[in-house]
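structure_10.csv (CSV, C-alpha atoms and all ligand atoms)
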```
chain,number,residue,atom,x,y,z
A,592,MET,CA,-25.7,-23.0,11.7
A,593,ASN,CA,-27.4,-22.2,15.0
A,594,PHE,CA,-26.7,-18.7,16.1
A,595,ALA,CA,-29.2,-18.8,19.0
A,596,ASP,CA,-26.6,-18.3,21.7
A,597,LYS,CA,-24.7,-15.6,19.8
A,598,ASN,CA,-24.9,-13.1,22.6
A,599,GLN,CA,-22.5,-15.2,24.6
A,600,LYS,CA,-19.3,-13.5,23.6
A,601,ILE,CA,-16.4,-15.7,22.7
A,602,ILE,CA,-13.6,-15.5,25.1
A,603,SER,CA,-10.6,-16.1,23.0
A,604,SER,CA,-10.3,-13.8,20.1
A,605,VAL,CA,-8.0,-11.5,18.3
A,606,PRO,CA,-6.7,-8.0,18.9
A,607,ALA,CA,-7.9,-6.7,15.5
A,608,VAL,CA,-10.8,-7.0,13.1
A,609,TYR,CA,-10.9,-5.7,9.5
A,610,LEU,CA,-14.1,-5.0,7.7
A,611,HIS,CA,-13.9,-4.6,3.9
A,612,ILE,CA,-16.4,-2.4,2.2
A,613,PRO,CA,-15.8,-2.8,-1.6
A,614,PHE,CA,-18.1,-0.1,-2.9
A,615,CYS,CA,-16.8,3.1,-4.5
A,616,ARG,CA,-18.6,5.8,-6.3
A,617,GLU,CA,-16.3,5.4,-9.3
A,618,ILE,CA,-13.4,3.1,-9.8
A,619,CYS,CA,-10.1,5.0,-9.9
A,620,PRO,CA,-8.0,4.0,-12.9
A,621,PHE,CA,-4.9,3.0,-10.8
A,622,CYS,CA,-6.8,1.0,-8.2
A,623,SER,CA,-6.0,-2.7,-7.8
A,624,PHE,CA,-8.0,-3.4,-4.6
A,625,ALA,CA,-11.1,-5.6,-4.4
A,626,VAL,CA,-13.6,-2.9,-5.3
A,627,ARG,CA,-16.8,-2.4,-7.4
A,628,ARG,CA,-18.9,0.5,-8.4
A,629,ASP,CA,-21.5,1.3,-5.8
A,630,ARG,CA,-25.1,0.6,-6.3
A,631,ALA,CA,-27.5,1.1,-3.4
A,632,GLY,CA,-29.3,-2.2,-4.1
A,633,LEU,CA,-26.1,-4.2,-3.4
A,634,HIS,CA,-25.7,-3.0,0.2
A,635,GLU,CA,-28.3,-5.1,1.9
A,636,LYS,CA,-27.2,-8.4,0.6
A,637,TYR,CA,-23.6,-7.7,1.1
A,638,ILE,CA,-24.1,-6.6,4.7
A,639,ARG,CA,-26.2,-9.7,5.4
A,640,SER,CA,-23.5,-11.8,4.0
A,641,MET,CA,-20.8,-10.1,6.1
A,642,VAL,CA,-23.0,-10.6,9.1
A,643,GLY,CA,-23.2,-14.3,8.2
A,644,GLU,CA,-19.4,-14.6,7.8
A,645,ILE,CA,-18.8,-12.9,11.1
A,646,GLY,CA,-21.2,-15.2,12.9
A,647,ARG,CA,-19.8,-18.3,11.2
A,648,ARG,CA,-16.2,-17.4,12.1
A,649,ALA,CA,-17.1,-16.5,15.7
A,650,GLU,CA,-18.9,-19.8,16.1
A,651,PHE,CA,-16.0,-21.7,14.6
A,652,ILE,CA,-13.6,-20.1,17.2
A,653,LYS,CA,-16.0,-20.8,20.0
A,654,GLU,CA,-16.3,-24.4,19.0
A,655,LYS,CA,-12.6,-24.8,19.0
A,656,LYS,CA,-12.4,-23.2,22.4
A,657,LYS,CA,-14.9,-25.8,23.8
A,658,ASN,CA,-12.3,-28.4,23.0
A,659,HIS,CA,-10.1,-27.8,26.0
A,660,PHE,CA,-7.5,-30.2,24.6
A,661,ASP,CA,-6.9,-27.7,21.9
A,662,GLU,CA,-4.5,-25.3,23.6
A,663,ASN,CA,-4.0,-23.2,20.5
A,664,TYR,CA,-7.5,-21.7,21.1
A,665,SER,CA,-7.4,-21.1,24.8
A,666,GLY,CA,-5.8,-17.6,25.1
A,667,GLN,CA,-7.7,-14.6,26.2
A,668,LYS,CA,-7.6,-11.4,24.2
A,669,PHE,CA,-9.7,-8.3,23.8
A,670,LEU,CA,-10.3,-6.5,20.6
A,671,GLU,CA,-8.1,-3.3,20.4
A,672,SER,CA,-8.9,-2.3,16.9
A,673,ILE,CA,-11.8,-2.4,14.4
A,674,TYR,CA,-10.9,-1.1,11.0
A,675,PHE,CA,-13.4,-0.3,8.2
A,676,GLY,CA,-11.4,-0.3,4.9
A,677,GLY,CA,-12.1,-0.6,1.3
A,678,GLY,CA,-13.2,0.4,-1.2
A,679,THR,CA,-15.0,3.3,0.4
A,680,PRO,CA,-16.7,2.5,3.8
A,681,SER,CA,-18.3,5.9,3.7
A,682,ARG,CA,-20.6,4.7,0.9
A,683,LEU,CA,-22.4,2.9,3.8
A,684,MET,CA,-25.4,4.4,5.5
A,685,ILE,CA,-25.0,5.0,9.2
A,686,PRO,CA,-27.5,2.2,10.1
A,687,GLU,CA,-25.4,-0.2,8.0
A,688,VAL,CA,-22.3,0.8,9.9
A,689,SER,CA,-24.2,0.4,13.1
A,690,LEU,CA,-25.3,-3.1,12.2
A,691,LEU,CA,-21.8,-4.3,11.4
A,692,LEU,CA,-20.4,-2.9,14.6
A,693,GLY,CA,-23.2,-4.4,16.6
A,694,GLU,CA,-22.4,-7.8,15.2
A,695,ILE,CA,-18.7,-7.5,16.0
A,696,ARG,CA,-19.4,-6.3,19.5
A,697,ASN,CA,-21.9,-9.2,20.0
A,698,TYR,CA,-19.2,-11.8,19.4
A,699,PHE,CA,-15.9,-10.2,20.3
A,700,PRO,CA,-15.1,-8.7,23.7
A,701,SER,CA,-13.6,-5.3,23.3
A,702,SER,CA,-11.0,-3.4,25.2
A,703,ASP,CA,-12.3,-0.1,26.8
A,704,GLN,CA,-9.6,1.7,24.8
A,705,ILE,CA,-10.6,0.2,21.4
A,706,GLU,CA,-9.8,2.2,18.3
A,707,ILE,CA,-12.5,2.1,15.6
A,708,SER,CA,-11.1,3.5,12.4
A,709,PHE,CA,-13.2,4.4,9.4
A,710,GLU,CA,-12.0,5.2,5.8
A,711,MET,CA,-13.9,8.0,4.1
A,712,ASN,CA,-13.7,9.8,0.8
A,713,PRO,CA,-14.1,13.6,0.8
A,714,GLU,CA,-17.3,13.6,-1.2
A,715,ASP,CA,-19.1,11.6,1.5
A,716,VAL,CA,-18.1,13.8,4.4
A,717,THR,CA,-21.0,15.7,6.0
A,718,PRO,CA,-21.4,16.9,9.7
A,719,GLU,CA,-24.4,14.6,10.0
A,720,TYR,CA,-22.5,11.6,8.8
A,721,LEU,CA,-19.5,12.3,11.1
A,722,ASN,CA,-21.9,12.7,14.1
A,723,GLY,CA,-23.5,9.4,13.2
A,724,LEU,CA,-20.1,7.7,13.1
A,725,ALA,CA,-19.1,9.2,16.5
A,726,GLU,CA,-22.4,8.1,18.0
A,727,ASN,CA,-21.5,4.5,16.9
A,728,GLY,CA,-18.2,4.7,18.6
A,729,VAL,CA,-15.9,5.5,15.7
A,730,THR,CA,-12.8,7.1,17.2
A,731,ARG,CA,-10.5,7.6,14.1
A,732,LEU,CA,-11.1,8.7,10.5
A,733,SER,CA,-8.9,8.1,7.5
A,734,LEU,CA,-9.5,10.5,4.6
A,735,GLY,CA,-8.6,9.6,1.1
A,736,GLY,CA,-7.5,13.1,0.0
A,737,GLN,CA,-4.5,12.2,-2.1
A,738,SER,CA,-3.8,15.8,-3.3
A,739,PHE,CA,-4.9,19.4,-3.0
A,740,ASN,CA,-4.2,20.0,-6.7
A,741,ASP,CA,-7.2,19.8,-9.1
A,742,SER,CA,-5.2,18.6,-12.1
A,743,THR,CA,-3.5,15.9,-10.0
A,744,LEU,CA,-6.9,14.7,-8.7
A,745,LYS,CA,-8.3,14.7,-12.2
A,746,LYS,CA,-5.3,12.6,-13.4
A,747,LEU,CA,-6.0,10.1,-10.6
A,748,GLY,CA,-9.7,9.9,-11.7
A,749,ARG,CA,-10.8,11.0,-8.2
A,750,CYS,CA,-14.4,12.0,-7.6
A,751,HIS,CA,-13.6,15.0,-5.4
A,752,SER,CA,-12.1,18.4,-6.1
A,753,ALA,CA,-9.5,20.2,-4.0
A,754,LEU,CA,-12.3,22.5,-2.7
A,755,GLU,CA,-14.3,19.4,-1.6
A,756,LEU,CA,-11.2,18.0,0.1
A,757,ARG,CA,-10.7,21.3,2.0
A,758,GLU,CA,-14.4,21.4,3.0
A,759,SER,CA,-14.3,17.8,4.2
A,760,ILE,CA,-11.2,18.6,6.4
A,761,THR,CA,-13.0,21.5,7.9
A,762,ALA,CA,-16.0,19.3,8.7
A,763,ILE,CA,-13.7,16.7,10.3
A,764,VAL,CA,-11.8,19.3,12.4
A,765,ASN,CA,-15.2,20.5,13.7
A,766,SER,CA,-16.5,17.0,14.4
A,767,PRO,CA,-16.4,15.0,17.6
A,768,ILE,CA,-13.7,12.8,16.1
A,769,ASN,CA,-10.4,14.6,16.3
A,770,ASN,CA,-8.0,11.7,15.6
A,771,TRP,CA,-7.7,11.6,11.8
A,772,ASN,CA,-5.4,10.5,9.0
A,773,LEU,CA,-4.9,12.0,5.6
A,774,ASP,CA,-3.8,9.9,2.6
A,775,LEU,CA,-1.3,11.7,0.3
A,776,MET,CA,0.1,10.3,-3.0
A,777,PHE,CA,3.3,11.1,-4.9
A,778,GLY,CA,4.8,9.9,-8.1
A,779,ILE,CA,1.7,10.7,-10.1
A,780,PRO,CA,2.2,11.4,-13.9
A,781,GLU,CA,2.8,15.1,-14.5
A,782,GLN,CA,3.0,15.9,-10.8
A,783,SER,CA,6.1,18.1,-10.4
A,784,ILE,CA,8.2,18.2,-7.2
A,785,SER,CA,6.9,21.7,-6.4
A,786,MET,CA,3.3,20.5,-6.8
A,787,PHE,CA,4.0,17.7,-4.4
A,788,LYS,CA,5.7,20.0,-1.9
A,789,LYS,CA,2.6,22.3,-1.9
A,790,ASP,CA,0.5,19.2,-1.2
A,791,VAL,CA,2.6,18.3,1.8
A,792,GLU,CA,2.7,21.8,3.1
A,793,GLU,CA,-1.1,22.2,2.9
A,794,ALA,CA,-1.6,18.8,4.5
A,795,LEU,CA,0.6,19.7,7.4
A,796,ALA,CA,-1.1,23.1,7.8
A,797,CYS,CA,-4.4,21.1,8.3
A,798,ASP,CA,-2.8,19.5,11.4
A,799,PRO,CA,-3.9,15.9,11.0
A,800,SER,CA,-2.8,13.4,13.7
A,801,HIS,CA,-1.5,11.0,11.0
A,802,ILE,CA,-0.4,11.1,7.4
A,803,SER,CA,-0.1,8.0,5.1
A,804,MET,CA,2.0,8.9,2.2
A,805,TYR,CA,2.1,6.4,-0.7
A,806,GLY,CA,4.0,6.4,-4.0
A,807,LEU,CA,1.7,5.6,-6.9
A,808,GLU,CA,2.2,2.0,-7.9
A,809,ILE,CA,1.2,1.2,-11.5
A,810,HIS,CA,-0.4,-2.3,-11.6
A,811,GLU,CA,-0.5,-4.1,-14.9
A,812,ARG,CA,-4.2,-5.0,-14.8
A,813,THR,CA,-5.5,-1.4,-14.4
A,814,PRO,CA,-6.2,1.3,-16.9
A,815,PHE,CA,-3.0,3.1,-15.7
A,816,GLY,CA,-1.1,-0.2,-16.2
A,817,GLN,CA,-2.3,-0.3,-19.8
A,818,ASN,CA,-1.1,3.2,-20.5
A,819,LYS,CA,2.4,3.1,-22.0
A,820,GLN,CA,3.1,6.8,-21.3
A,821,PHE,CA,2.4,6.4,-17.6
A,822,ARG,CA,4.6,3.3,-17.4
A,823,LYS,CA,7.4,5.3,-19.2
A,824,TRP,CA,6.9,8.2,-16.8
A,825,GLU,CA,7.2,5.9,-13.9
A,826,SER,CA,10.4,4.3,-15.1
A,827,GLU,CA,12.0,7.7,-16.0
A,828,HIS,CA,11.2,9.5,-12.8
A,829,GLN,CA,12.5,7.3,-10.0
A,830,GLU,CA,15.0,9.9,-8.9
A,831,GLN,CA,12.3,12.5,-8.7
A,832,PHE,CA,10.1,10.2,-6.6
A,833,GLU,CA,13.0,9.6,-4.2
A,834,GLU,CA,13.6,13.4,-3.8
A,835,MET,CA,9.9,13.8,-3.1
A,836,TYR,CA,9.9,11.1,-0.5
A,837,LEU,CA,13.0,12.3,1.3
A,838,TRP,CA,11.9,15.9,1.3
A,839,ALA,CA,8.5,14.9,2.8
A,840,THR,CA,9.9,12.7,5.5
A,841,GLU,CA,12.1,15.6,6.7
A,842,HIS,CA,9.2,18.1,6.6
A,843,MET,CA,6.8,15.8,8.4
A,844,GLU,CA,9.1,15.3,11.3
A,845,LYS,CA,9.7,19.1,11.6
A,846,ALA,CA,5.9,19.5,11.8
A,847,GLY,CA,5.7,16.9,14.6
A,848,LEU,CA,4.6,13.9,12.6
A,849,PHE,CA,7.1,11.2,13.3
A,850,GLN,CA,7.7,8.4,10.8
A,851,TYR,CA,7.0,5.0,12.2
A,852,GLU,CA,6.9,3.0,9.0
A,853,VAL,CA,7.9,3.4,5.4
A,854,SER,CA,4.7,5.2,4.5
A,855,ASN,CA,3.2,6.3,7.8
A,856,PHE,CA,3.7,9.3,10.0
A,857,SER,CA,1.9,10.2,13.2
A,858,LYS,CA,1.8,12.5,16.2
A,859,ILE,CA,3.1,10.8,19.3
A,860,SER,CA,0.8,7.9,20.3
A,861,LYS,CA,-1.4,8.4,17.3
A,862,GLU,CA,-0.1,5.5,15.2
A,863,GLY,CA,-2.9,3.5,13.5
A,864,ARG,CA,-3.7,0.7,15.9
A,865,ASN,CA,-4.6,-1.7,13.1
A,866,ASN,CA,-1.2,-1.1,11.5
A,867,LEU,CA,0.6,-1.8,14.8
A,868,VAL,CA,-1.3,-5.1,15.3
A,869,VAL,CA,-0.6,-6.4,11.8
A,870,TRP,CA,3.0,-5.3,11.7
A,871,SER,CA,3.9,-6.8,15.0
A,872,GLY,CA,2.8,-10.2,13.7
A,873,GLN,CA,-0.3,-10.4,15.9
A,874,GLU,CA,-3.5,-12.1,14.8
A,875,TYR,CA,-6.4,-10.4,13.1
A,876,LEU,CA,-9.6,-11.5,11.3
A,877,GLY,CA,-10.8,-9.9,8.1
A,878,PHE,CA,-14.4,-10.0,6.9
A,879,GLY,CA,-15.8,-9.2,3.5
A,880,VAL,CA,-14.7,-9.4,-0.1
A,881,GLY,CA,-10.9,-9.9,-0.5
A,882,ALA,CA,-10.2,-9.5,3.2
A,883,HIS,CA,-7.2,-11.3,4.7
A,884,SER,CA,-6.9,-12.9,8.1
A,885,TYR,CA,-4.1,-14.3,10.1
A,886,TYR,CA,-5.0,-16.7,12.9
A,887,HIS,CA,-3.1,-19.6,14.5
A,888,GLN,CA,-0.2,-19.4,12.1
A,889,THR,CA,-2.6,-19.6,9.2
A,890,ARG,CA,-3.2,-16.9,6.6
A,891,TRP,CA,-6.2,-16.9,4.4
A,892,GLY,CA,-7.8,-14.5,1.9
A,893,ASN,CA,-11.4,-14.2,0.9
A,894,LYS,CA,-12.8,-14.3,-2.7
A,895,ARG,CA,-12.3,-11.0,-4.5
A,896,SER,CA,-15.4,-11.3,-6.6
A,897,LEU,CA,-18.5,-9.9,-5.0
A,898,SER,CA,-20.8,-12.4,-6.6
A,899,THR,CA,-18.6,-15.4,-5.7
A,900,TYR,CA,-18.3,-14.2,-2.1
A,901,LEU,CA,-22.1,-13.8,-1.8
A,902,LYS,CA,-22.7,-17.2,-3.4
A,903,HIS,CA,-20.4,-19.0,-0.9
A,904,LEU,CA,-22.1,-17.4,2.1
A,905,ASP,CA,-25.5,-18.2,0.6
A,906,ALA,CA,-24.5,-21.8,0.5
A,907,ASN,CA,-23.2,-21.6,4.1
A,908,GLU,CA,-19.6,-22.1,2.9
A,909,TRP,CA,-16.4,-20.3,3.8
A,910,PRO,CA,-15.8,-17.6,1.1
A,911,VAL,CA,-12.1,-18.4,1.2
A,912,ASP,CA,-9.9,-18.0,-1.9
A,913,PHE,CA,-6.6,-19.3,-0.5
A,914,LYS,CA,-5.4,-20.6,2.8
A,915,GLU,CA,-1.8,-21.4,3.9
A,916,GLN,CA,-0.2,-22.4,7.1
A,917,LEU,CA,2.9,-20.4,7.8
A,918,PHE,CA,5.9,-22.4,8.8
A,919,ALA,CA,9.1,-21.1,10.6
A,920,GLU,CA,10.8,-20.1,7.4
A,921,GLN,CA,7.9,-17.9,6.2
A,922,LEU,CA,7.4,-16.5,9.6
A,923,ALA,CA,11.1,-15.6,9.8
A,924,ALA,CA,10.9,-13.9,6.4
A,925,GLU,CA,7.8,-11.9,7.3
A,926,SER,CA,9.2,-10.9,10.6
A,927,LEU,CA,12.3,-9.6,8.9
A,928,MET,CA,10.3,-7.7,6.3
A,929,LEU,CA,7.8,-6.2,8.8
A,930,GLY,CA,10.7,-5.2,11.1
A,931,LEU,CA,12.7,-3.5,8.5
A,932,ARG,CA,9.7,-1.4,7.3
A,933,GLN,CA,9.2,0.0,10.8
A,934,CYS,CA,11.3,2.8,12.2
A,935,LYS,CA,11.8,1.1,15.5
A,936,GLY,CA,13.7,-1.5,13.5
A,937,PHE,CA,14.3,-5.1,13.6
A,938,ASN,CA,15.6,-6.9,16.7
A,939,ILE,CA,18.2,-9.2,15.4
A,940,LYS,CA,18.8,-11.0,18.7
A,941,ASP,CA,15.1,-11.8,19.3
A,942,TRP,CA,14.8,-12.9,15.7
A,943,GLN,CA,17.8,-15.2,15.9
A,944,ARG,CA,16.6,-16.7,19.2
A,945,ARG,CA,13.0,-17.2,17.9
A,946,PHE,CA,13.9,-18.8,14.6
A,947,GLY,CA,17.2,-20.4,15.5
A,948,LEU,CA,18.9,-18.5,12.6
A,949,GLN,CA,22.2,-16.8,12.2
A,950,TRP,CA,23.3,-14.2,9.7
A,951,GLN,CA,26.4,-15.2,7.8
A,952,LYS,CA,29.3,-12.9,6.9
A,953,GLN,CA,27.7,-12.1,3.6
A,954,GLN,CA,24.6,-10.6,5.4
A,955,LEU,CA,26.7,-8.8,8.0
A,956,ASP,CA,28.9,-7.2,5.2
A,957,PHE,CA,25.7,-6.2,3.4
A,958,VAL,CA,24.3,-4.5,6.5
A,959,GLN,CA,27.7,-2.8,7.1
A,960,GLU,CA,27.5,-1.4,3.5
A,961,LEU,CA,24.0,-0.1,4.2
A,962,CYS,CA,25.3,1.6,7.4
A,963,ASP,CA,28.2,3.2,5.5
A,964,GLU,CA,25.8,4.5,2.8
A,965,GLY,CA,23.6,6.1,5.4
A,966,ARG,CA,20.7,3.7,4.7
A,967,ALA,CA,20.8,1.9,8.0
A,968,PHE,CA,22.1,2.1,11.6
A,969,TRP,CA,22.2,0.0,14.7
A,970,GLU,CA,20.4,1.0,17.9
A,971,ASP,CA,20.9,-1.5,20.7
A,972,GLN,CA,20.1,-4.8,19.1
A,973,HIS,CA,17.9,-3.2,16.4
A,974,LEU,CA,18.7,-2.7,12.8
A,975,CYS,CA,16.9,0.4,11.7
A,976,LEU,CA,16.6,1.8,8.2
A,977,THR,CA,16.9,5.6,7.6
A,978,PRO,CA,14.4,7.3,5.2
A,979,LYS,CA,17.1,6.6,2.4
A,980,GLY,CA,17.1,3.0,3.4
A,981,MET,CA,13.3,2.8,3.6
A,982,LEU,CA,13.2,3.6,-0.1
A,983,LEU,CA,14.9,0.2,-0.6
A,984,ALA,CA,13.2,-1.7,2.2
A,985,ASP,CA,11.7,-4.4,0.0
A,986,LYS,CA,15.0,-4.9,-1.9
A,987,ILE,CA,17.0,-5.0,1.3
A,988,THR,CA,14.6,-7.7,2.7
A,989,VAL,CA,15.1,-9.8,-0.4
A,990,GLU,CA,18.9,-9.4,-0.1
A,991,LEU,CA,18.8,-10.8,3.4
A,992,LEU,CA,16.4,-13.6,2.7
A,993,PRO,CA,18.2,-16.2,0.5
A,994,THR,CA,20.6,-17.1,3.1
A,995,ILE,CA,17.8,-17.4,5.7
A,996,ARG,CA,16.2,-20.0,3.4
A,997,ARG,CA,19.4,-21.9,3.1
A,998,ASN,CA,20.0,-22.2,6.9
B,1001,LIG,S1,-11.8,5.3,-4.0
B,1001,LIG,FE1,-10.0,4.2,-3.2
B,1001,LIG,S2,-10.6,2.0,-3.1
B,1001,LIG,FE2,-12.1,3.1,-4.5
B,1001,LIG,S3,-11.4,2.8,-6.5
B,1001,LIG,FE3,-10.5,4.8,-5.8
B,1001,LIG,S4,-8.5,4.2,-4.9
B,1001,LIG,FE4,-9.7,2.3,-5.2
```

Would you mind writing the file's structure down as structure tokens?
Amino acid sequence: MNFADKNQKIISSVPAVYLHIPFCREICPFCSFAVRRDRAGLHEKYIRSMVGEIGRRAEFIKEKKKNHFDENYSGQKFLESIYFGGGTPSRLMIPEVSLLLGEIRNYFPSSDQIEISFEMNPEDVTPEYLNGLAENGVTRLSLGGQSFNDSTLKKLGRCHSALELRESITAIVNSPINNWNLDLMFGIPEQSISMFKKDVEEALACDPSHISMYGLEIHERTPFGQNKQFRKWESEHQEQFEEMYLWATEHMEKAGLFQYEVSNFSKISKEGRNNLVVWSGQEYLGFGVGAHSYYHQTRWGNKRSLSTYLKHLDANEWPVDFKEQLFAEQLAAESLMLGLRQCKGFNIKDWQRRFGLQWQKQQLDFVQELCDEGRAFWEDQHLCLTPKGMLLADKITVELLPTIRRN
């Protein structure tokens, strides 16, 4: 492929780009993401391959644009979000971050207000590293803290201690990047309600602009999934997890962090930009191992194995694992699911108009039941779930889907 004219930015692009950095210092025993243990020798080849993938995709879009008859590719958009996720992006050296950002900027025109978000683990946070990120235009940090309790961190197999987490937060607060998220987890084996409440209270005292709060999910093909005691714990403590979640959502709001999605809370106007783009059904491109993209009603996901990903790019082939075109039925289902997971709710009129669908009595009765139980409410044309309803968001979506398929 000829990249000689790569400095000509493509005009039509997407509002969001995701860059997946799969390296982690150690692999946490609950993790099901596309990750691998970090080795410095791997970085160079991986970054080179990502650069190749970015260039190849950008050229592909540019070629499509040249075909004026192809109206699908003629819109103009500016990049509003670049998100470094993983894995652990903070395993990268600053020049590696710089190189990837340079490639994205070469090809994709950015909005002046772009948000560049970067995931870090506490053990990698230093003032020098934070300054390096800021100099490269990073505007938001996401810290994988999970808990301030050493026994909980040990149970999760995390590499950092509570003290290191506190020190990393101090470094972030004193850095030039003051928009930051803290990840918290609940539902961890042997984590009591009072231990979790202390985590939330300490997190709020640190005054982050955003908290992502996830219940531990135990996936079968992980060491946690193979542990019968953990699975038993999970099935026997559902009520406790609900209590934790509801208590936390109430306390976050009192502290000025407003829930905007099942697991996400932010100060006003500090919602994660990447989240907003993806959840509103807009297009995005993902680069790197296991990264997903959504473009022109087509979703694809990259190979999850690092060696396979590298091999494909070496051979100048797309490193794509699956690709599917989404038709109206799937788009309607996704739009329902994404709408219900967000606090602003799901606009039933828009949805009906867009997909030509109508809820039947069965669905309307079900929604009424949810409202009577305090799990949902109507606001204008929007069906919104309360925190109690959010706990069942996936189940509620499924309940509302079968009839959609039949229509
Ligand atoms: S640090 Fe994060 S991405 Fe890496 S193994 Fe642990 S949970 Fe997974």

(request) Name the residues, by chain letter and number, that sit within 10 Å of ligand LIG 1001 (chain B) using only C-alpha atoms and all ligand atoms, and give them as JSON, numbers by chain. (result) {"A": [612, 613, 614, 615, 616, 617, 618, 619, 620, 621, 622, 623, 624, 625, 626, 627, 628, 629, 676, 677, 678, 679, 680, 710, 711, 712, 713, 735, 736, 737, 747, 748, 749, 750, 751]}

Print the selection's residues with C-alpha atoms to a file, as a PDB file, in the frame of the given file.
```
ATOM      1  CA  ILE A 612     -16.400  -2.400   2.200  1.00  0.00           C
ATOM      2  CA  PRO A 613     -15.800  -2.800  -1.600  1.00  0.00           C
ATOM      3  CA  PHE A 614     -18.100  -0.100  -2.900  1.00  0.00           C
ATOM      4  CA  CYS A 615     -16.800   3.100  -4.500  1.00  0.00           C
ATOM      5  CA  ARG A 616     -18.600   5.800  -6.300  1.00  0.00           C
ATOM      6  CA  GLU A 617     -16.300   5.400  -9.300  1.00  0.00           C
ATOM      7  CA  ILE A 618     -13.400   3.100  -9.800  1.00  0.00           C
ATOM      8  CA  CYS A 619     -10.100   5.000  -9.900  1.00  0.00           C
ATOM      9  CA  PRO A 620      -8.000   4.000 -12.900  1.00  0.00           C
ATOM     10  CA  PHE A 621      -4.900   3.000 -10.800  1.00  0.00           C
ATOM     11  CA  CYS A 622      -6.800   1.000  -8.200  1.00  0.00           C
ATOM     12  CA  SER A 623      -6.000  -2.700  -7.800  1.00  0.00           C
ATOM     13  CA  PHE A 624      -8.000  -3.400  -4.600  1.00  0.00           C
ATOM     14  CA  ALA A 625     -11.100  -5.600  -4.400  1.00  0.00           C
ATOM     15  CA  VAL A 626     -13.600  -2.900  -5.300  1.00  0.00           C
ATOM     16  CA  ARG A 627     -16.800  -2.400  -7.400  1.00  0.00           C
ATOM     17  CA  ARG A 628     -18.900   0.500  -8.400  1.00  0.00           C
ATOM     18  CA  ASP A 629     -21.500   1.300  -5.800  1.00  0.00           C
ATOM     19  CA  GLY A 676     -11.400  -0.300   4.900  1.00  0.00           C
ATOM     20  CA  GLY A 677     -12.100  -0.600   1.300  1.00  0.00           C
ATOM     21  CA  GLY A 678     -13.200   0.400  -1.200  1.00  0.00           C
ATOM     22  CA  THR A 679     -15.000   3.300   0.400  1.00  0.00           C
ATOM     23  CA  PRO A 680     -16.700   2.500   3.800  1.00  0.00           C
ATOM     24  CA  GLU A 710     -12.000   5.200   5.800  1.00  0.00           C
ATOM     25  CA  MET A 711     -13.900   8.000   4.100  1.00  0.00           C
ATOM     26  CA  ASN A 712     -13.700   9.800   0.800  1.00  0.00           C
ATOM     27  CA  PRO A 713     -14.100  13.600   0.800  1.00  0.00           C
ATOM     28  CA  GLY A 735      -8.600   9.600   1.100  1.00  0.00           C
ATOM     29  CA  GLY A 736      -7.500  13.100   0.000  1.00  0.00           C
ATOM     30  CA  GLN A 737      -4.500  12.200  -2.100  1.00  0.00           C
ATOM     31  CA  LEU A 747      -6.000  10.100 -10.600  1.00  0.00           C
ATOM     32  CA  GLY A 748      -9.700   9.900 -11.700  1.00  0.00           C
ATOM     33  CA  ARG A 749     -10.800  11.000  -8.200  1.00  0.00           C
ATOM     34  CA  CYS A 750     -14.400  12.000  -7.600  1.00  0.00           C
ATOM     35  CA  HIS A 751     -13.600  15.000  -5.400  1.00  0.00           C
TER      36      HIS A 751
END
```

(message) Just checking: using only C-alpha atoms, which residue out of A:Leu974, A:Ile645, A:Leu991, A:Ala906 ends up closest to Gln954 (chain A)?
(response)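 Checking each candidate against Gln954 (chain A), we get A:Leu991 as the closest.
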
(request) Name the closest residue to Glu687 (chain A) among the candidates A:Ile802, A:Met641, A:Leu848, A:Leu773; distances are taken between atoms, counting only C-alpha atoms. (result) A:Met641

(request) Kindly indicate which residue among A:Leu976, A:His903, A:Asp985, A:Trp950 lies nearest to Met928 (chain A), using only C-alpha atoms for the distances. (result)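 Smallest distance to Met928 (chain A) is found for A:Asp985.
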
(request) Kindly give the distance, in Å, that separates CA of Phe937 (chain A) and CA of Ala923 (chain A), rounded to a single decimal. (result)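 Taking CA of Phe937 (chain A) and CA of Ala923 (chain A), their separation equals 11.6 Å.
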
(request) Could you tell me how far CA of Asp741 (chain A) lies from CA of Leu721 (chain A), in Å and to one decimal? (result) 24.8 Å

(request) Calculate how many Å separate CA of Arg864 (chain A) from CA of Leu931 (chain A), rounding to one decimal. (result)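 According to the coordinates, CA of Arg864 (chain A) and CA of Leu931 (chain A) are separated by 18.5 Å.
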
(message) I'd like to know which of A:Ser783, A:Gln949, A:Ser759, A:Asn818 is closest to Cys797 (chain A), using all atoms listed in the file.
(response) A:Ser759

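Distances to Glu920 (chain A) were evaluated for A:Leu992, A:Met843, A:Ala967, A:Leu692 using only C-alpha atoms, and the minimum falls at A:Leu992.
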
(message) List as a PyMOL selection string the protein and nucleic acid residues near region 788-796 of chain A, meaning an atom at most 10 Å away when only C-alpha atoms are counted, but skip any in the same chain fewer than 5 places from it.
(response) chain A and resi 736-740+757+760+773-777+783+801-802+804+835-836+838-840+842-843+846-848

(message) Please determine, counting all atoms listed in the file, which residue among A:Val608, A:Leu754, A:Val729, A:Val911 has the shortest atom-to-atom distance to Asn769 (chain A).
(response)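 Checking each of A:Val608, A:Leu754, A:Val729, A:Val911 against Asn769 (chain A), counting all atoms listed in the file, the winner is A:Val729.
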
(request) Pick out the residues sitting within 9 Å of Ser854 (chain A), and hand them over as a count of residues only; count all atoms listed in the file, and ignore anything fewer than 5 positions along from it in its own chain. (result) 7

Given all atoms listed in the file, how would the per-residue table for region 777-892 of chain A near region 648-656 of chain A read, listing every residue at most 12 Å away with its closest atom pair and distance in Å to one decimal, sorted by chain and number, as CSV?
```
residue,atom,partner,partner_atom,distance
A:Leu876,CA,A:Arg648,CA,8.9
A:Gly877,CA,A:Arg648,CA,10.1
A:Phe878,CA,A:Arg648,CA,9.2
A:Gly879,CA,A:Arg648,CA,11.9
A:Ser884,CA,A:Arg648,CA,11.1
A:Tyr886,CA,A:Ile652,CA,10.2
A:His887,CA,A:Ile652,CA,10.9
```
